[in-house]
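J.: Have a peek at protein12.cif (mmCIF, N, CA and C atoms and all ligand atoms).
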```
data_entry
#
loop_
_atom_site.group_PDB
_atom_site.id
_atom_site.type_symbol
_atom_site.label_atom_id
_atom_site.label_comp_id
_atom_site.auth_asym_id
_atom_site.auth_seq_id
_atom_site.Cartn_x
_atom_site.Cartn_y
_atom_site.Cartn_z
ATOM 1 N N MET N 26 183.071 106.604 93.207
ATOM 2 C CA MET N 26 181.619 106.552 93.035
ATOM 3 C C MET N 26 180.985 107.913 93.257
ATOM 4 N N LYS N 27 179.996 108.214 92.453
ATOM 5 C CA LYS N 27 179.238 109.453 92.619
ATOM 6 C C LYS N 27 177.768 109.094 92.758
ATOM 7 N N ALA N 28 177.031 110.004 93.360
ATOM 8 C CA ALA N 28 175.609 109.742 93.580
ATOM 9 C C ALA N 28 174.763 110.762 92.839
ATOM 10 N N CYS N 29 173.676 110.289 92.267
ATOM 11 C CA CYS N 29 172.734 111.154 91.563
ATOM 12 C C CYS N 29 172.039 112.094 92.549
ATOM 13 N N LEU N 30 171.949 113.367 92.182
ATOM 14 C CA LEU N 30 171.316 114.352 93.059
ATOM 15 C C LEU N 30 169.814 114.132 93.174
ATOM 16 N N LYS N 31 169.241 113.521 92.189
ATOM 17 C CA LYS N 31 167.789 113.355 92.163
ATOM 18 C C LYS N 31 167.341 112.013 92.761
ATOM 19 N N CYS N 32 167.837 110.915 92.190
ATOM 20 C CA CYS N 32 167.353 109.612 92.648
ATOM 21 C C CYS N 32 168.357 108.896 93.555
ATOM 22 N N LYS N 33 169.546 109.472 93.739
ATOM 23 C CA LYS N 33 170.555 108.948 94.661
ATOM 24 C C LYS N 33 171.230 107.656 94.220
ATOM 25 N N TYR N 34 171.027 107.298 92.993
ATOM 26 C CA TYR N 34 171.684 106.118 92.436
ATOM 27 C C TYR N 34 173.199 106.342 92.377
ATOM 28 N N LEU N 35 173.967 105.330 92.770
ATOM 29 C CA LEU N 35 175.423 105.448 92.735
ATOM 30 C C LEU N 35 175.978 104.961 91.407
ATOM 31 N N THR N 36 176.858 105.767 90.841
ATOM 32 C CA THR N 36 177.412 105.452 89.531
ATOM 33 C C THR N 36 178.835 105.993 89.426
ATOM 34 N N ASP N 37 179.599 105.506 88.484
ATOM 35 C CA ASP N 37 180.915 106.108 88.248
ATOM 36 C C ASP N 37 180.883 107.007 87.013
ATOM 37 N N LYS N 38 179.691 107.197 86.449
ATOM 38 C CA LYS N 38 179.543 108.065 85.281
ATOM 39 C C LYS N 38 179.365 109.528 85.718
ATOM 40 N N ASP N 39 179.400 110.429 84.750
ATOM 41 C CA ASP N 39 179.234 111.845 85.046
ATOM 42 C C ASP N 39 177.778 112.277 85.078
ATOM 43 N N ARG N 40 176.914 111.382 84.630
ATOM 44 C CA ARG N 40 175.480 111.639 84.697
ATOM 45 C C ARG N 40 174.784 110.368 85.145
ATOM 46 N N CYS N 41 173.647 110.537 85.788
ATOM 47 C CA CYS N 41 172.915 109.364 86.264
ATOM 48 C C CYS N 41 172.396 108.549 85.082
ATOM 49 N N PRO N 42 172.680 107.238 85.060
ATOM 50 C CA PRO N 42 172.198 106.401 83.957
ATOM 51 C C PRO N 42 170.689 106.159 84.017
ATOM 52 N N ILE N 43 170.083 106.467 85.143
ATOM 53 C CA ILE N 43 168.648 106.214 85.293
ATOM 54 C C ILE N 43 167.819 107.435 84.925
ATOM 55 N N CYS N 44 168.127 108.575 85.550
ATOM 56 C CA CYS N 44 167.285 109.749 85.304
ATOM 57 C C CYS N 44 168.022 110.875 84.599
ATOM 58 N N ASN N 45 169.300 110.657 84.272
ATOM 59 C CA ASN N 45 170.079 111.634 83.517
ATOM 60 C C ASN N 45 170.298 112.960 84.248
ATOM 61 N N SER N 46 170.230 112.919 85.583
ATOM 62 C CA SER N 46 170.494 114.125 86.365
ATOM 63 C C SER N 46 171.975 114.228 86.694
ATOM 64 N N GLU N 47 172.346 115.346 87.291
ATOM 65 C CA GLU N 47 173.735 115.538 87.690
ATOM 66 C C GLU N 47 174.094 114.640 88.864
ATOM 67 N N VAL N 48 175.372 114.290 88.952
ATOM 68 C CA VAL N 48 175.845 113.466 90.061
ATOM 69 C C VAL N 48 176.797 114.280 90.936
ATOM 70 N N SER N 49 176.973 113.840 92.159
ATOM 71 C CA SER N 49 177.824 114.544 93.112
ATOM 72 C C SER N 49 178.719 113.559 93.840
ATOM 73 N N GLU N 50 179.931 114.022 94.162
ATOM 74 C CA GLU N 50 180.823 113.153 94.937
ATOM 75 C C GLU N 50 180.595 113.313 96.425
ATOM 76 N N ASN N 51 179.754 114.255 96.782
ATOM 77 C CA ASN N 51 179.503 114.553 98.179
ATOM 78 C C ASN N 51 178.258 113.819 98.684
ATOM 79 N N TRP N 52 178.423 112.541 98.978
ATOM 80 C CA TRP N 52 177.284 111.746 99.432
ATOM 81 C C TRP N 52 177.674 110.913 100.639
ATOM 82 N N ARG N 53 176.682 110.472 101.380
ATOM 83 C CA ARG N 53 176.905 109.664 102.574
ATOM 84 C C ARG N 53 175.934 108.499 102.641
ATOM 85 N N GLY N 54 176.410 107.437 103.284
ATOM 86 C CA GLY N 54 175.538 106.298 103.533
ATOM 87 C C GLY N 54 175.381 105.449 102.289
ATOM 88 N N LEU N 55 175.231 104.163 102.471
ATOM 89 C CA LEU N 55 175.101 103.270 101.327
ATOM 90 C C LEU N 55 173.901 102.355 101.527
ATOM 91 N N LEU N 56 173.045 102.351 100.531
ATOM 92 C CA LEU N 56 171.870 101.491 100.563
ATOM 93 C C LEU N 56 171.932 100.579 99.348
ATOM 94 N N ILE N 57 171.982 99.272 99.598
ATOM 95 C CA ILE N 57 172.010 98.325 98.490
ATOM 96 C C ILE N 57 170.629 97.700 98.353
ATOM 97 N N VAL N 58 170.038 97.894 97.194
ATOM 98 C CA VAL N 58 168.705 97.361 96.944
ATOM 99 C C VAL N 58 168.805 96.194 95.975
ATOM 100 N N LEU N 59 168.478 95.010 96.474
ATOM 101 C CA LEU N 59 168.546 93.810 95.638
ATOM 102 C C LEU N 59 167.179 93.458 95.073
ATOM 103 N N ASP N 60 166.162 93.740 95.856
ATOM 104 C CA ASP N 60 164.806 93.387 95.448
ATOM 105 C C ASP N 60 163.869 94.543 95.774
ATOM 106 N N PRO N 61 163.814 95.535 94.872
ATOM 107 C CA PRO N 61 163.063 96.766 95.141
ATOM 108 C C PRO N 61 161.596 96.528 95.463
ATOM 109 N N LEU N 62 161.003 95.506 94.862
ATOM 110 C CA LEU N 62 159.575 95.274 95.063
ATOM 111 C C LEU N 62 159.264 94.755 96.458
ATOM 112 N N ARG N 63 160.256 94.134 97.086
ATOM 113 C CA ARG N 63 160.010 93.559 98.404
ATOM 114 C C ARG N 63 160.661 94.345 99.524
ATOM 115 N N SER N 64 161.452 95.349 99.192
ATOM 116 C CA SER N 64 162.158 96.093 100.211
ATOM 117 C C SER N 64 161.342 97.275 100.718
ATOM 118 N N GLU N 65 161.116 97.316 102.029
ATOM 119 C CA GLU N 65 160.355 98.407 102.630
ATOM 120 C C GLU N 65 161.101 99.729 102.477
ATOM 121 N N ILE N 66 162.421 99.662 102.629
ATOM 122 C CA ILE N 66 163.217 100.890 102.511
ATOM 123 C C ILE N 66 163.135 101.429 101.088
ATOM 124 N N ALA N 67 163.216 100.534 100.138
ATOM 125 C CA ALA N 67 163.142 100.942 98.735
ATOM 126 C C ALA N 67 161.817 101.626 98.435
ATOM 127 N N LYS N 68 160.738 101.104 99.020
ATOM 128 C CA LYS N 68 159.424 101.715 98.821
ATOM 129 C C LYS N 68 159.384 103.114 99.413
ATOM 130 N N LYS N 69 159.965 103.231 100.597
ATOM 131 C CA LYS N 69 159.966 104.509 101.294
ATOM 132 C C LYS N 69 160.684 105.594 100.503
ATOM 133 N N VAL N 70 161.808 105.218 99.913
ATOM 134 C CA VAL N 70 162.570 106.220 99.158
ATOM 135 C C VAL N 70 162.264 106.155 97.660
ATOM 136 N N LYS N 71 161.221 105.404 97.317
ATOM 137 C CA LYS N 71 160.721 105.311 95.940
ATOM 138 C C LYS N 71 161.765 104.800 94.946
ATOM 139 N N ILE N 72 162.446 103.756 95.327
ATOM 140 C CA ILE N 72 163.417 103.128 94.434
ATOM 141 C C ILE N 72 162.743 101.945 93.767
ATOM 142 N N ASP N 73 162.817 101.857 92.459
ATOM 143 C CA ASP N 73 162.261 100.669 91.815
ATOM 144 C C ASP N 73 163.246 99.998 90.866
ATOM 145 N N ILE N 74 164.493 100.405 90.948
ATOM 146 C CA ILE N 74 165.528 99.742 90.155
ATOM 147 C C ILE N 74 166.606 99.231 91.106
ATOM 148 N N LYS N 75 167.020 97.986 90.946
ATOM 149 C CA LYS N 75 168.002 97.478 91.890
ATOM 150 C C LYS N 75 169.382 98.073 91.643
ATOM 151 N N GLY N 76 170.134 98.225 92.727
ATOM 152 C CA GLY N 76 171.445 98.842 92.614
ATOM 153 C C GLY N 76 171.872 99.423 93.934
ATOM 154 N N LYS N 77 172.920 100.251 93.877
ATOM 155 C CA LYS N 77 173.420 100.887 95.088
ATOM 156 C C LYS N 77 172.991 102.347 95.107
ATOM 157 N N TYR N 78 172.569 102.784 96.273
ATOM 158 C CA TYR N 78 172.099 104.156 96.419
ATOM 159 C C TYR N 78 172.748 104.816 97.623
ATOM 160 N N ALA N 79 172.869 106.137 97.560
ATOM 161 C CA ALA N 79 173.341 106.903 98.710
ATOM 162 C C ALA N 79 172.140 107.241 99.588
ATOM 163 N N LEU N 80 172.385 107.399 100.877
ATOM 164 C CA LEU N 80 171.296 107.794 101.766
ATOM 165 C C LEU N 80 171.091 109.305 101.735
ATOM 166 N N SER N 81 172.189 110.043 101.623
ATOM 167 C CA SER N 81 172.032 111.490 101.449
ATOM 168 C C SER N 81 173.067 112.027 100.472
ATOM 169 N N VAL N 82 172.639 112.960 99.639
ATOM 170 C CA VAL N 82 173.505 113.537 98.606
ATOM 171 C C VAL N 82 173.414 115.056 98.677
ATOM 172 N N LYS N 83 174.569 115.711 98.617
ATOM 173 C CA LYS N 83 174.544 117.176 98.574
ATOM 174 C C LYS N 83 175.237 117.682 97.326
HETATM 175 ZN ZN ZN N 101 169.232 109.633 89.038
#
```
Give the structure from this file in structure tokens form.
Ligand SMILES: [Zn+2]

T.:
Amino acid sequence: MKACLKCKYLTDKDRCPICNSEVSENWRGLLIVLDPLRSEIAKKVKIDIKGKYALSVK
């Protein structure tokens, strides 16, 4: 799994399927968002698409 440098979305592709930014294998932490509209954490990190996200990406 790799994480998008911009939106932190986790993917196995070479580019983020959401924002088309570069991805990195150097990420930590896992955030699973099932219901972005109701999740306080998702609001805080501005996630509006459900999926798996990294907490930090370098
Ligand atoms: Zn992205």

J.: For range 52-54 of chain N, list every protein, DNA or RNA residue within 6 Å, evaluated using only C-alpha atoms, and leave out those in the same chain fewer than 4 positions away; present the list as number ranges by chain.

T.: N: 79-82

J.: Could you write those residues out with N, CA and C atoms, as a PDB file, in the frame of the given file?

T.:
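Everything below was put into selection-v4.pdb:
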```
ATOM      1  N   ALA N  79     172.869 106.137  97.560  1.00  0.00           N
ATOM      2  CA  ALA N  79     173.341 106.903  98.710  1.00  0.00           C
ATOM      3  C   ALA N  79     172.140 107.241  99.588  1.00  0.00           C
ATOM      4  N   LEU N  80     172.385 107.399 100.877  1.00  0.00           N
ATOM      5  CA  LEU N  80     171.296 107.794 101.766  1.00  0.00           C
ATOM      6  C   LEU N  80     171.091 109.305 101.735  1.00  0.00           C
ATOM      7  N   SER N  81     172.189 110.043 101.623  1.00  0.00           N
ATOM      8  CA  SER N  81     172.032 111.490 101.449  1.00  0.00           C
ATOM      9  C   SER N  81     173.067 112.027 100.472  1.00  0.00           C
ATOM     10  N   VAL N  82     172.639 112.960  99.639  1.00  0.00           N
ATOM     11  CA  VAL N  82     173.505 113.537  98.606  1.00  0.00           C
ATOM     12  C   VAL N  82     173.414 115.056  98.677  1.00  0.00           C
TER      13      VAL N  82
END
```

J.: How would you write, as a PDB file with N, CA and C atoms, in the coordinates of the input, the residues chosen by the PyMOL selection byres (((not hetatm)) within 7 of (chain N and resi 101)) on this structure?

T.:
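Result file is out-v4.pdb:
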```
ATOM      1  N   ALA N  28     177.031 110.004  93.360  1.00  0.00           N
ATOM      2  CA  ALA N  28     175.609 109.742  93.580  1.00  0.00           C
ATOM      3  C   ALA N  28     174.763 110.762  92.839  1.00  0.00           C
ATOM      4  N   CYS N  29     173.676 110.289  92.267  1.00  0.00           N
ATOM      5  CA  CYS N  29     172.734 111.154  91.563  1.00  0.00           C
ATOM      6  C   CYS N  29     172.039 112.094  92.549  1.00  0.00           C
ATOM      7  N   LEU N  30     171.949 113.367  92.182  1.00  0.00           N
ATOM      8  CA  LEU N  30     171.316 114.352  93.059  1.00  0.00           C
ATOM      9  C   LEU N  30     169.814 114.132  93.174  1.00  0.00           C
ATOM     10  N   LYS N  31     169.241 113.521  92.189  1.00  0.00           N
ATOM     11  CA  LYS N  31     167.789 113.355  92.163  1.00  0.00           C
ATOM     12  C   LYS N  31     167.341 112.013  92.761  1.00  0.00           C
ATOM     13  N   CYS N  32     167.837 110.915  92.190  1.00  0.00           N
ATOM     14  CA  CYS N  32     167.353 109.612  92.648  1.00  0.00           C
ATOM     15  C   CYS N  32     168.357 108.896  93.555  1.00  0.00           C
ATOM     16  N   LYS N  33     169.546 109.472  93.739  1.00  0.00           N
ATOM     17  CA  LYS N  33     170.555 108.948  94.661  1.00  0.00           C
ATOM     18  C   LYS N  33     171.230 107.656  94.220  1.00  0.00           C
ATOM     19  N   TYR N  34     171.027 107.298  92.993  1.00  0.00           N
ATOM     20  CA  TYR N  34     171.684 106.118  92.436  1.00  0.00           C
ATOM     21  C   TYR N  34     173.199 106.342  92.377  1.00  0.00           C
ATOM     22  N   ARG N  40     176.914 111.382  84.630  1.00  0.00           N
ATOM     23  CA  ARG N  40     175.480 111.639  84.697  1.00  0.00           C
ATOM     24  C   ARG N  40     174.784 110.368  85.145  1.00  0.00           C
ATOM     25  N   CYS N  41     173.647 110.537  85.788  1.00  0.00           N
ATOM     26  CA  CYS N  41     172.915 109.364  86.264  1.00  0.00           C
ATOM     27  C   CYS N  41     172.396 108.549  85.082  1.00  0.00           C
ATOM     28  N   PRO N  42     172.680 107.238  85.060  1.00  0.00           N
ATOM     29  CA  PRO N  42     172.198 106.401  83.957  1.00  0.00           C
ATOM     30  C   PRO N  42     170.689 106.159  84.017  1.00  0.00           C
ATOM     31  N   ILE N  43     170.083 106.467  85.143  1.00  0.00           N
ATOM     32  CA  ILE N  43     168.648 106.214  85.293  1.00  0.00           C
ATOM     33  C   ILE N  43     167.819 107.435  84.925  1.00  0.00           C
ATOM     34  N   CYS N  44     168.127 108.575  85.550  1.00  0.00           N
ATOM     35  CA  CYS N  44     167.285 109.749  85.304  1.00  0.00           C
ATOM     36  C   CYS N  44     168.022 110.875  84.599  1.00  0.00           C
ATOM     37  N   ASN N  45     169.300 110.657  84.272  1.00  0.00           N
ATOM     38  CA  ASN N  45     170.079 111.634  83.517  1.00  0.00           C
ATOM     39  C   ASN N  45     170.298 112.960  84.248  1.00  0.00           C
ATOM     40  N   SER N  46     170.230 112.919  85.583  1.00  0.00           N
ATOM     41  CA  SER N  46     170.494 114.125  86.365  1.00  0.00           C
ATOM     42  C   SER N  46     171.975 114.228  86.694  1.00  0.00           C
ATOM     43  N   GLU N  47     172.346 115.346  87.291  1.00  0.00           N
ATOM     44  CA  GLU N  47     173.735 115.538  87.690  1.00  0.00           C
ATOM     45  C   GLU N  47     174.094 114.640  88.864  1.00  0.00           C
TER      46      GLU N  47
END
```

J.: Using only N, CA and C atoms, pick whichever of N:Lys77, N:Val70, N:Pro61, N:Met26 has the shortest atom-to-atom distance to Val48 in chain N.

T.: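 That would be N:Met26, the residue with the smallest distance to Val48 in chain N.
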
J.: Which is closer to Ile57 in chain N than all the others in N:Lys27, N:Lys38, N:Ile72, N:Lys83, using only C-alpha atoms?

T.: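 Looking only at the distances to Ile57 in chain N, the closest residue turns out to be N:Ile72.
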
J.: Determine the residue membership of the PyMOL selection byres (((chain N and resi 59) around 8) and not hetatm) for the file above and supply it as a PyMOL selection string.

T.: chain N and resi 56-58+60-64+74-77

J.: Determine which residues of chain N DSSP labels as helix (DSSP H, G or I) from the backbone of this structure, then write them out as a list of chain:residue names.

T.: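 The residues of chain N classed as helix (DSSP H, G or I) are N:Glu65, N:Ile66, N:Ala67, N:Lys68, N:Lys69.
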
J.: To test your reading of the structure, identify every residue in range 32-61 of chain N that backbone DSSP assigns to strand (DSSP E or B), and report it as a list in words.

T.: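 Answer for range 32-61 of chain N restricted to strand (DSSP E or B) is Tyr34, Leu35, Thr36, Arg40, Glu47, Val48, Ser49, Trp52, Arg53, Gly54, Leu55, Leu56, Ile57 and Val58 of chain N.
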